Every structure is written in C-alpha cells, then in structure tokens.
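Since the structure comes first, as structure tokens, the remarks are kept for the end.
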Amino acid sequence: MNDTTKPHVFDATAATFEDTVIRASLETPVLVDFWATWCGPCKTLGPLLEKLAADYNGAFVLAKVDVDAEQELAAAFQIRSVPTVMLVKGGQLVDGFPGALPEGQLREFLTHHGIAPAEAEAAIEDEAPAEAAAPIDPHAEVMRLRKAIEAAPDQPELKLDLALALLQTGAATEAEHLLDTLPANLATDDRTVKARARLGFAALLKDAPPAEVLHAAIAADPADLRARHLLGVRELVAGDAEAGLQQFIEMLQRDRSFGEGLARKSLIDAFRVVEDEDLVSRYRRKMSSLLLV
C-alpha cells in the first residue's frame with residue numbers, strides 16, 4: 001500500500017515496475033530504493049530519501065522495493081546488499097550506489113544528474129545561456145595551478161583542480177597523491193569521484209597484457225570475460241570510449257554475474273569518465289535493457 005500523505009513515494013513490485021518506474025521515468029526521474037525490514041542502515045536512509053522526495057516536490061519520485069518480497073526484481077538488478085539505490089531516468093538505469101549516504105551527498109548525487117527542487121529548476125530556466133568556454137590547454141592549466149597553489153597553499157580546492165589537470169596530461173601518480181591529501185568535504189566531490197574512477201581504470205592496466213594479446217585471447221575464446229574486461233579498460237584509457245563500452249556490454253550479455261557484477265560496475269564507472277554524453281546515453285540504454293531482461 002502506498003501512503004497518500006507521501007505523494008512522491010510508492011512501493012514498486014515486479015508486476016508494476018515497467019509502468020511505474022521504467023515508463024514513468026520518461027517523464028520524471030525515479031529513484032529506486034532497494035531495502036529490507038531487517039536492514040539497520042535502511043532505517044536511516046529510507047526516511048532521508050522520503051524527506052528529499054517531499055523537499056523536491058515532484059522533481060523525482062521514490063520507488064521502494066522490499067527485496068524479500070520482490071526477490072525477482074532484486075535478482076534482475078543484482079542487488080547483493082541493502083540498502084542499494086538506483087536512478088532510472090529517460091527509461092534507462094543511469095547510476096546507483098550501495099549503502100546509506102548522508103543527506104548532503106544524496107543531494108549532490110541528484111544534482112549531478114540534473115535533478116533539483118522545483119524552485120531551483122525555475123531559477124535555472126530564467127538564467128540566460130552562458131557562452132561556451134574556450135578549450136583549456138591542460139599543460140598550461142597545470143602550470144597556472146602550480147603557481148596558484150604556491151601563492152595560496154591553504155586552499156585545497158586548488159589541489160583538486162591541479163589533480164584533474166594532471167590527469168589530462170597523463171600524470172596519474174602525482175594526481176593520485178594530490179587526491180589522497182584532500183579534506184573529507186572534497187574527497188566526496190563529484191569531480192574527485194570521477195578522477196578516482198579514471199585512476200581505477202589506469203591501475204587495472206599495471207600488469208595487464210598488451211592489447212594484441214587480449215584480442216588474441218578473445219578470438220580464441222569469446223567467453224574469456226577477464227580478457228574482455230582488460231581489453232575494454234585498455235580501449236577506454238586509450239581514448240576509444242565506444243570500443244571499451246562495447247566490451248563491457250558484451251560481458252554483461254554473456255554473464256552479468258561474472259566477477260560479482262564486474263560488467264555493470266565497469267559500465268557505471270565508465271559513464272563517469274566518458275565525456276561524450278550521447279555515447280553514454282546510448283550505452284546506458286543498452287545496459288538498462290540487458291539488466292531488465
């Protein structure tokens with residue numbers, strides 16, 4: 001039963017999921033909360049999500065899924081722990097996270113996906129469109145930021161900016177060191193999360209075979225998902241985003257439980273670092289359609 005005092009919160013079931021979540025998300029983003037009655041952190045996260053649904057007043061709706069009552073849905077989304085939250089937008093599964101986050105990080109997650117309270121959205125619409133900024137040379141930006149840090153060493157935001165610029169130049173080791181020194185409030189910044197995802201992909205290649213060896217392994221055994229994963233990472237890091245995403249999709253098609261959901265995790269991490277929004281949108285749709293089969 002849905003609580004009529006909470007118009008933006010409802011219970012989702014396997015029978016209603018297609019209509020109330022997938023199709024509904026074509027009009028309004030749907031946050032799906034996978035929870036259980038025995039789960040302690042769920043008792044903290046659930047009320048927070050319901051509060052945000054009320055605060056945002058229709059900018060998104062909250063679908064609650066009891067994993068014990070809806071084991072089919074939990075299996076379809078490979079839910080391995082609760083709470084787990086997923087965002088469905090435009091008919092696609094676009095992102096998600098496990099565990100209970102504080103309210104500030106929940107709001108950042110929504111903001112990252114363009115979800116704002118109705119009043120904030122109206123203010124954004126009233127703003128005049130800004131002129132496109134000229135591309136920035138990352139090497140020049142590194143030099144500029146080094147000088148800025150020398151002048152103001154107590155501003156950690158500059159260190160985050162420098163880490164991001166260093167990643168653009170391939171200086172991953174120094175970038176990682178800078179990220180490790182950031183204070184807690186910046187460690188959870190969306191830009192830091194994206195940078196960590198890039199570093200995570202690069203770290204996977206430390207002892208990985210070269211691309212030609214991985215191609216040969218896959219040609220010999222198309223079901224070699226470990227080789228597909230490493231090849232996908234290689235292609236992503238080398239700048240061929242679509243080729244990398246396609247390898248992860250192939251993994252998902254062949255065995256979505258492989259490596260404790262490695263294909264799905266790799267896709268979500270890749271979506272954070274790929275800059276081509278159209279490409280990301282296309283592969284999010286592919287991922288969503290495979291997970292909902």
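Ordering of the structure tokens sets the chain letters (A, B, ...); residue numbers start at 1 within each chain; ligands are numbered from 1 in the order shown.
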
> Can you list, as a ChimeraX atom specification, every residue of segment 179-228 of chain A that DSSP puts in alpha helix (DSSP H)?
Replying inline: /A:179-180,184-187,190-204,211-220,225-228

Can those selected residues be exported to a file as a compact mmCIF listing (two decimals), in the first residue's frame so that it contains N, CA, C and O atoms?
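Listing of part26.txt after writing:
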```txt
# COMPACT_ATOMS: atom_id res chain seq x y z
N LEU A 179 44.96 13.79 -4.69
CA LEU A 179 43.61 13.38 -4.29
C LEU A 179 43.62 12.78 -2.89
O LEU A 179 42.69 12.97 -2.11
N ASP A 180 44.70 12.05 -2.56
CA ASP A 180 44.80 11.43 -1.24
C ASP A 180 44.93 12.45 -0.13
O ASP A 180 44.65 12.14 1.04
N ALA A 184 38.01 15.84 3.82
CA ALA A 184 36.85 14.97 3.65
C ALA A 184 35.77 15.59 2.77
O ALA A 184 35.15 14.89 1.96
N ASN A 185 35.55 16.89 2.88
CA ASN A 185 34.47 17.51 2.10
C ASN A 185 34.75 17.48 0.60
O ASN A 185 33.83 17.40 -0.21
N LEU A 186 36.03 17.51 0.22
CA LEU A 186 36.38 17.44 -1.21
C LEU A 186 36.58 16.00 -1.69
O LEU A 186 36.47 15.73 -2.88
N ALA A 187 36.83 15.10 -0.76
CA ALA A 187 37.05 13.70 -1.14
C ALA A 187 35.79 13.09 -1.74
O ALA A 187 35.86 12.13 -2.50
N ASP A 190 32.00 15.43 -6.63
CA ASP A 190 31.74 14.66 -7.86
C ASP A 190 32.98 14.60 -8.75
O ASP A 190 33.26 13.58 -9.37
N ARG A 191 33.74 15.69 -8.80
CA ARG A 191 34.94 15.70 -9.64
C ARG A 191 36.00 14.74 -9.10
O ARG A 191 36.72 14.09 -9.87
N THR A 192 36.08 14.61 -7.76
CA THR A 192 37.01 13.67 -7.17
C THR A 192 36.60 12.24 -7.48
O THR A 192 37.43 11.38 -7.79
N VAL A 193 35.30 11.97 -7.38
CA VAL A 193 34.79 10.63 -7.68
C VAL A 193 35.12 10.25 -9.12
O VAL A 193 35.56 9.13 -9.42
N LYS A 194 34.93 11.20 -10.03
CA LYS A 194 35.25 10.95 -11.45
C LYS A 194 36.76 10.70 -11.63
O LYS A 194 37.15 9.78 -12.37
N ALA A 195 37.57 11.48 -10.95
CA ALA A 195 39.02 11.30 -11.06
C ALA A 195 39.43 9.94 -10.50
O ALA A 195 40.30 9.26 -11.07
N ARG A 196 38.84 9.54 -9.39
CA ARG A 196 39.15 8.23 -8.81
C ARG A 196 38.78 7.11 -9.79
O ARG A 196 39.48 6.09 -9.88
N ALA A 197 37.67 7.28 -10.48
CA ALA A 197 37.26 6.26 -11.45
C ALA A 197 38.30 6.14 -12.56
O ALA A 197 38.67 5.04 -12.98
N ARG A 198 38.83 7.27 -13.03
CA ARG A 198 39.87 7.25 -14.07
C ARG A 198 41.12 6.56 -13.55
O ARG A 198 41.74 5.74 -14.26
N LEU A 199 41.51 6.88 -12.32
CA LEU A 199 42.69 6.25 -11.74
C LEU A 199 42.48 4.76 -11.56
O LEU A 199 43.40 3.97 -11.73
N GLY A 200 41.26 4.38 -11.18
CA GLY A 200 40.96 2.97 -11.01
C GLY A 200 41.14 2.19 -12.29
O GLY A 200 41.71 1.08 -12.28
N PHE A 201 40.69 2.75 -13.40
CA PHE A 201 40.88 2.09 -14.69
C PHE A 201 42.37 1.98 -15.03
O PHE A 201 42.85 0.93 -15.48
N ALA A 202 43.09 3.07 -14.81
CA ALA A 202 44.52 3.06 -15.14
C ALA A 202 45.27 2.02 -14.29
O ALA A 202 46.17 1.33 -14.78
N ALA A 203 44.89 1.88 -13.01
CA ALA A 203 45.57 0.94 -12.12
C ALA A 203 45.37 -0.50 -12.57
O ALA A 203 46.25 -1.35 -12.37
N LEU A 204 44.24 -0.80 -13.19
CA LEU A 204 43.96 -2.16 -13.65
C LEU A 204 44.94 -2.61 -14.74
O LEU A 204 45.11 -3.81 -14.97
N ALA A 211 47.30 -5.03 -25.72
CA ALA A 211 46.01 -5.17 -26.40
C ALA A 211 45.99 -6.33 -27.39
O ALA A 211 45.01 -7.07 -27.49
N GLU A 212 47.11 -6.52 -28.13
CA GLU A 212 47.11 -7.57 -29.14
C GLU A 212 46.98 -8.96 -28.50
O GLU A 212 46.35 -9.87 -29.06
N VAL A 213 47.55 -9.14 -27.31
CA VAL A 213 47.43 -10.42 -26.60
C VAL A 213 45.98 -10.64 -26.16
O VAL A 213 45.44 -11.74 -26.25
N LEU A 214 45.34 -9.57 -25.69
CA LEU A 214 43.95 -9.67 -25.24
C LEU A 214 43.03 -9.96 -26.42
O LEU A 214 42.10 -10.77 -26.31
N HIS A 215 43.28 -9.30 -27.56
CA HIS A 215 42.49 -9.58 -28.76
C HIS A 215 42.63 -11.06 -29.16
O HIS A 215 41.64 -11.71 -29.52
N ALA A 216 43.86 -11.57 -29.09
CA ALA A 216 44.09 -12.97 -29.46
C ALA A 216 43.37 -13.91 -28.50
O ALA A 216 42.80 -14.93 -28.92
N ALA A 217 43.37 -13.57 -27.21
CA ALA A 217 42.70 -14.42 -26.22
C ALA A 217 41.20 -14.47 -26.48
O ALA A 217 40.57 -15.53 -26.37
N ILE A 218 40.62 -13.33 -26.83
CA ILE A 218 39.19 -13.28 -27.10
C ILE A 218 38.85 -14.00 -28.40
O ILE A 218 37.82 -14.68 -28.49
N ALA A 219 39.72 -13.88 -29.39
CA ALA A 219 39.49 -14.60 -30.65
C ALA A 219 39.51 -16.10 -30.42
O ALA A 219 38.73 -16.85 -31.02
N ALA A 220 40.39 -16.56 -29.52
CA ALA A 220 40.48 -17.99 -29.21
C ALA A 220 39.31 -18.45 -28.35
O ALA A 220 38.85 -19.59 -28.47
N LEU A 225 35.93 -13.62 -20.29
CA LEU A 225 35.43 -12.31 -19.84
C LEU A 225 36.51 -11.51 -19.12
O LEU A 225 36.45 -10.28 -19.10
N ARG A 226 37.48 -12.19 -18.53
CA ARG A 226 38.57 -11.44 -17.90
C ARG A 226 39.35 -10.69 -18.97
O ARG A 226 39.70 -9.52 -18.79
N ALA A 227 39.62 -11.35 -20.10
CA ALA A 227 40.34 -10.67 -21.19
C ALA A 227 39.49 -9.55 -21.76
O ALA A 227 40.01 -8.47 -22.09
N ARG A 228 38.18 -9.78 -21.89
CA ARG A 228 37.30 -8.71 -22.40
C ARG A 228 37.32 -7.50 -21.48
O ARG A 228 37.34 -6.36 -21.94
```

> Quick one: residues within 7 Å of segment 82-95 of chain A, only C-alpha atoms counted, chain neighbours fewer than 3 positions away excluded, as an MDAnalysis selection string?
Replying inline: chainID A and resid 22:23 25:26 29:36 39 41:42 98:100 268 284:285 288

>> Report, in Å with one decimal, the straight-line distance from atom CA of Pro183 of chain A to atom CA of Met143 of chain A.
In response: 22.8 Å

Residue neighbourhood Leu167 of chain A, 10 Å, only C-alpha atoms, exclusion window fewer than 3 positions, as a PDB file with all heavy atoms, in the first residue's frame:
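Saved file selection37.pdb follows:
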```pdb
ATOM      1  N   PRO A 138      45.560  21.602 -21.027  1.00  0.00           N
ATOM      2  CA  PRO A 138      45.808  21.041 -19.696  1.00  0.00           C
ATOM      3  C   PRO A 138      47.224  21.307 -19.195  1.00  0.00           C
ATOM      4  O   PRO A 138      47.427  21.496 -17.994  1.00  0.00           O
ATOM      5  CB  PRO A 138      45.546  19.541 -19.883  1.00  0.00           C
ATOM      6  CG  PRO A 138      45.598  19.298 -21.351  1.00  0.00           C
ATOM      7  CD  PRO A 138      45.154  20.563 -21.992  1.00  0.00           C
ATOM      8  N   VAL A 142      48.058  23.189 -15.750  1.00  0.00           N
ATOM      9  CA  VAL A 142      48.910  22.655 -14.690  1.00  0.00           C
ATOM     10  C   VAL A 142      49.885  23.728 -14.210  1.00  0.00           C
ATOM     11  O   VAL A 142      50.056  23.942 -12.995  1.00  0.00           O
ATOM     12  CB  VAL A 142      49.675  21.405 -15.181  1.00  0.00           C
ATOM     13  CG1 VAL A 142      50.818  21.058 -14.221  1.00  0.00           C
ATOM     14  CG2 VAL A 142      48.727  20.220 -15.309  1.00  0.00           C
ATOM     15  N   LEU A 162      44.243  20.984  -9.652  1.00  0.00           N
ATOM     16  CA  LEU A 162      45.528  20.553 -10.207  1.00  0.00           C
ATOM     17  C   LEU A 162      45.509  19.051 -10.500  1.00  0.00           C
ATOM     18  O   LEU A 162      46.012  18.607 -11.549  1.00  0.00           O
ATOM     19  CB  LEU A 162      46.665  20.894  -9.241  1.00  0.00           C
ATOM     20  CG  LEU A 162      48.070  20.428  -9.654  1.00  0.00           C
ATOM     21  CD1 LEU A 162      48.447  20.988 -11.019  1.00  0.00           C
ATOM     22  CD2 LEU A 162      49.097  20.830  -8.596  1.00  0.00           C
ATOM     23  N   ALA A 163      44.935  18.262  -9.605  1.00  0.00           N
ATOM     24  CA  ALA A 163      44.861  16.813  -9.825  1.00  0.00           C
ATOM     25  C   ALA A 163      44.105  16.502 -11.113  1.00  0.00           C
ATOM     26  O   ALA A 163      44.516  15.643 -11.907  1.00  0.00           O
ATOM     27  CB  ALA A 163      44.195  16.133  -8.631  1.00  0.00           C
ATOM     28  N   LEU A 164      43.018  17.205 -11.352  1.00  0.00           N
ATOM     29  CA  LEU A 164      42.227  16.979 -12.561  1.00  0.00           C
ATOM     30  C   LEU A 164      43.015  17.372 -13.809  1.00  0.00           C
ATOM     31  O   LEU A 164      42.965  16.677 -14.829  1.00  0.00           O
ATOM     32  CB  LEU A 164      40.921  17.771 -12.479  1.00  0.00           C
ATOM     33  CG  LEU A 164      39.969  17.351 -11.352  1.00  0.00           C
ATOM     34  CD1 LEU A 164      38.799  18.317 -11.258  1.00  0.00           C
ATOM     35  CD2 LEU A 164      39.461  15.937 -11.575  1.00  0.00           C
ATOM     36  N   GLY A 170      48.217  12.911 -18.228  1.00  0.00           N
ATOM     37  CA  GLY A 170      48.738  11.565 -18.030  1.00  0.00           C
ATOM     38  C   GLY A 170      49.563  11.387 -16.776  1.00  0.00           C
ATOM     39  O   GLY A 170      50.090  10.291 -16.524  1.00  0.00           O
ATOM     40  N   ALA A 171      49.677  12.412 -15.953  1.00  0.00           N
ATOM     41  CA  ALA A 171      50.486  12.324 -14.727  1.00  0.00           C
ATOM     42  C   ALA A 171      49.640  11.736 -13.599  1.00  0.00           C
ATOM     43  O   ALA A 171      49.287  12.422 -12.622  1.00  0.00           O
ATOM     44  CB  ALA A 171      51.019  13.704 -14.352  1.00  0.00           C
ATOM     45  N   ALA A 172      49.332  10.447 -13.703  1.00  0.00           N
ATOM     46  CA  ALA A 172      48.391   9.812 -12.776  1.00  0.00           C
ATOM     47  C   ALA A 172      48.943   9.702 -11.363  1.00  0.00           C
ATOM     48  O   ALA A 172      48.200   9.869 -10.388  1.00  0.00           O
ATOM     49  CB  ALA A 172      48.011   8.425 -13.297  1.00  0.00           C
ATOM     50  N   THR A 173      50.235   9.422 -11.207  1.00  0.00           N
ATOM     51  CA  THR A 173      50.803   9.218  -9.867  1.00  0.00           C
ATOM     52  C   THR A 173      50.704  10.483  -9.027  1.00  0.00           C
ATOM     53  O   THR A 173      50.269  10.447  -7.865  1.00  0.00           O
ATOM     54  CB  THR A 173      52.282   8.769  -9.971  1.00  0.00           C
ATOM     55  OG1 THR A 173      52.343   7.557 -10.727  1.00  0.00           O
ATOM     56  CG2 THR A 173      52.865   8.542  -8.591  1.00  0.00           C
ATOM     57  N   GLU A 174      51.102  11.619  -9.596  1.00  0.00           N
ATOM     58  CA  GLU A 174      51.017  12.872  -8.848  1.00  0.00           C
ATOM     59  C   GLU A 174      49.560  13.249  -8.589  1.00  0.00           C
ATOM     60  O   GLU A 174      49.219  13.740  -7.504  1.00  0.00           O
ATOM     61  CB  GLU A 174      51.715  14.001  -9.599  1.00  0.00           C
ATOM     62  CG  GLU A 174      51.742  15.303  -8.805  1.00  0.00           C
ATOM     63  CD  GLU A 174      52.426  16.450  -9.533  1.00  0.00           C
ATOM     64  OE1 GLU A 174      52.949  16.226 -10.644  1.00  0.00           O
ATOM     65  OE2 GLU A 174      52.418  17.580  -8.990  1.00  0.00           O
ATOM     66  N   ALA A 175      48.703  12.991  -9.575  1.00  0.00           N
ATOM     67  CA  ALA A 175      47.284  13.292  -9.396  1.00  0.00           C
ATOM     68  C   ALA A 175      46.703  12.490  -8.238  1.00  0.00           C
ATOM     69  O   ALA A 175      45.959  13.020  -7.398  1.00  0.00           O
ATOM     70  CB  ALA A 175      46.518  12.989 -10.680  1.00  0.00           C
ATOM     71  N   GLU A 176      47.063  11.208  -8.163  1.00  0.00           N
ATOM     72  CA  GLU A 176      46.543  10.363  -7.076  1.00  0.00           C
ATOM     73  C   GLU A 176      47.035  10.851  -5.725  1.00  0.00           C
ATOM     74  O   GLU A 176      46.283  10.858  -4.744  1.00  0.00           O
ATOM     75  CB  GLU A 176      46.965   8.913  -7.295  1.00  0.00           C
ATOM     76  CG  GLU A 176      46.383   7.962  -6.260  1.00  0.00           C
ATOM     77  CD  GLU A 176      46.676   6.506  -6.577  1.00  0.00           C
ATOM     78  OE1 GLU A 176      47.595   6.246  -7.373  1.00  0.00           O
ATOM     79  OE2 GLU A 176      45.983   5.639  -6.020  1.00  0.00           O
ATOM     80  N   ALA A 195      37.566  11.479 -10.949  1.00  0.00           N
ATOM     81  CA  ALA A 195      39.016  11.303 -11.059  1.00  0.00           C
ATOM     82  C   ALA A 195      39.434   9.944 -10.504  1.00  0.00           C
ATOM     83  O   ALA A 195      40.299   9.258 -11.071  1.00  0.00           O
ATOM     84  CB  ALA A 195      39.737  12.420 -10.311  1.00  0.00           C
ATOM     85  N   ARG A 198      38.827   7.271 -13.032  1.00  0.00           N
ATOM     86  CA  ARG A 198      39.868   7.246 -14.066  1.00  0.00           C
ATOM     87  C   ARG A 198      41.125   6.555 -13.554  1.00  0.00           C
ATOM     88  O   ARG A 198      41.740   5.736 -14.258  1.00  0.00           O
ATOM     89  CB  ARG A 198      40.210   8.672 -14.486  1.00  0.00           C
ATOM     90  CG  ARG A 198      39.141   9.342 -15.341  1.00  0.00           C
ATOM     91  CD  ARG A 198      39.548  10.752 -15.678  1.00  0.00           C
ATOM     92  NE  ARG A 198      38.530  11.423 -16.460  1.00  0.00           N
ATOM     93  CZ  ARG A 198      38.509  12.727 -16.700  1.00  0.00           C
ATOM     94  NH1 ARG A 198      39.470  13.495 -16.220  1.00  0.00           N
ATOM     95  NH2 ARG A 198      37.543  13.270 -17.423  1.00  0.00           N
ATOM     96  N   LEU A 199      41.507   6.880 -12.316  1.00  0.00           N
ATOM     97  CA  LEU A 199      42.693   6.255 -11.742  1.00  0.00           C
ATOM     98  C   LEU A 199      42.484   4.761 -11.561  1.00  0.00           C
ATOM     99  O   LEU A 199      43.404   3.967 -11.735  1.00  0.00           O
ATOM    100  CB  LEU A 199      43.015   6.902 -10.388  1.00  0.00           C
ATOM    101  CG  LEU A 199      43.614   8.314 -10.451  1.00  0.00           C
ATOM    102  CD1 LEU A 199      43.625   8.934  -9.068  1.00  0.00           C
ATOM    103  CD2 LEU A 199      45.028   8.265 -11.023  1.00  0.00           C
TER     104      LEU A 199
END
```

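Of note, atom CA of Leu52 of chain A and atom CA of Lys265 of chain A are spaced 26.0 Å apart.
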
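Of the listed residues A:Ala76, A:Ile115, A:Leu106, A:Leu45, the one whose atoms come nearest to Val61 of chain A is A:Ile115, with distances taken using only C-alpha atoms.
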
> Pro156 of chain A: which residues within 9 Å, counting only C-alpha atoms, same-chain residues fewer than 4 positions away excluded, as a ChimeraX atom specification?
Replying inline: /A:149,160-161,181-183,186

>> Using only C-alpha atoms for the distances, tell me which of A:Ala15, A:Leu48, A:His8, A:Thr37 is nearest to Glu72 of chain A.
In response: A:Ala15

> Do you know which residues are at most 10 Å from Gly114 of chain A counting only C-alpha atoms, after dropping those on the same chain fewer than 5 positions away, and could you put them as a PyMOL selection string?
Replying inline: chain A and resi 29+59+108-109+121

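Between atom CA of Leu291 of chain A and atom CA of Glu18 of chain A lies a distance of 12.7 Å.
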
Could you give me, as a short mmCIF file (atom, residue, chain, number, x, y, z; two decimals) with N, CA and C atoms, in the first residue's frame, each residue of segment 14-248 of chain A that DSSP assigns to strand (DSSP E or B) when run on this structure's backbone?
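Once written, states.cif looks like this:
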```cif
data_model
loop_
_atom_site.label_atom_id
_atom_site.label_comp_id
_atom_site.auth_asym_id
_atom_site.auth_seq_id
_atom_site.Cartn_x
_atom_site.Cartn_y
_atom_site.Cartn_z
N VAL A 30 13.15 8.55 -11.56
CA VAL A 30 12.69 7.68 -10.49
C VAL A 30 13.90 7.15 -9.73
N LEU A 31 13.93 7.42 -8.43
CA LEU A 31 14.96 6.86 -7.56
C LEU A 31 14.39 5.58 -6.95
N VAL A 32 15.10 4.47 -7.11
CA VAL A 32 14.62 3.18 -6.62
C VAL A 32 15.44 2.79 -5.40
N ASP A 33 14.75 2.61 -4.28
CA ASP A 33 15.38 2.25 -3.01
C ASP A 33 15.13 0.77 -2.73
N PHE A 34 16.17 -0.06 -2.87
CA PHE A 34 16.09 -1.48 -2.54
C PHE A 34 16.41 -1.62 -1.05
N TRP A 35 15.47 -2.13 -0.27
CA TRP A 35 15.61 -2.14 1.18
C TRP A 35 15.06 -3.46 1.75
N VAL A 61 10.62 11.00 -8.23
CA VAL A 61 9.77 10.20 -7.35
C VAL A 61 10.59 9.04 -6.81
N LEU A 62 10.16 8.53 -5.66
CA LEU A 62 10.89 7.48 -4.97
C LEU A 62 10.10 6.18 -5.01
N ALA A 63 10.70 5.16 -5.63
CA ALA A 63 10.09 3.83 -5.67
C ALA A 63 10.81 2.95 -4.66
N LYS A 64 10.05 2.33 -3.74
CA LYS A 64 10.65 1.49 -2.70
C LYS A 64 10.41 0.02 -3.05
N VAL A 65 11.49 -0.76 -3.01
CA VAL A 65 11.40 -2.19 -3.34
C VAL A 65 11.89 -3.00 -2.14
N ASP A 66 11.01 -3.74 -1.52
CA ASP A 66 11.35 -4.66 -0.43
C ASP A 66 11.97 -5.90 -1.06
N THR A 84 20.51 -0.42 -1.37
CA THR A 84 21.11 -0.05 -2.64
C THR A 84 20.13 0.87 -3.36
N VAL A 85 20.63 1.96 -3.89
CA VAL A 85 19.77 2.93 -4.57
C VAL A 85 20.17 3.03 -6.03
N MET A 86 19.18 3.05 -6.91
CA MET A 86 19.45 3.21 -8.34
C MET A 86 18.56 4.30 -8.91
N LEU A 87 19.10 4.99 -9.91
CA LEU A 87 18.36 6.06 -10.56
C LEU A 87 17.97 5.62 -11.96
N VAL A 88 16.67 5.72 -12.26
CA VAL A 88 16.14 5.42 -13.59
C VAL A 88 15.65 6.73 -14.18
N LYS A 89 16.15 7.06 -15.37
CA LYS A 89 15.86 8.35 -15.97
C LYS A 89 15.77 8.17 -17.48
N GLN A 92 16.01 4.62 -18.66
CA GLN A 92 17.30 3.94 -18.53
C GLN A 92 17.74 3.89 -17.07
N LEU A 93 18.44 2.83 -16.73
CA LEU A 93 19.16 2.79 -15.47
C LEU A 93 20.45 3.59 -15.68
N VAL A 94 20.60 4.72 -14.99
CA VAL A 94 21.74 5.61 -15.29
C VAL A 94 22.83 5.60 -14.22
N ASP A 95 22.49 5.26 -12.99
CA ASP A 95 23.52 5.30 -11.95
C ASP A 95 22.95 4.67 -10.69
N GLY A 96 23.80 4.50 -9.71
CA GLY A 96 23.35 3.94 -8.45
C GLY A 96 24.47 3.91 -7.44
N PHE A 97 24.15 3.54 -6.20
CA PHE A 97 25.17 3.43 -5.16
C PHE A 97 24.66 2.49 -4.07
N PRO A 98 25.58 1.76 -3.41
CA PRO A 98 25.19 0.94 -2.27
C PRO A 98 25.38 1.70 -0.97
#
```
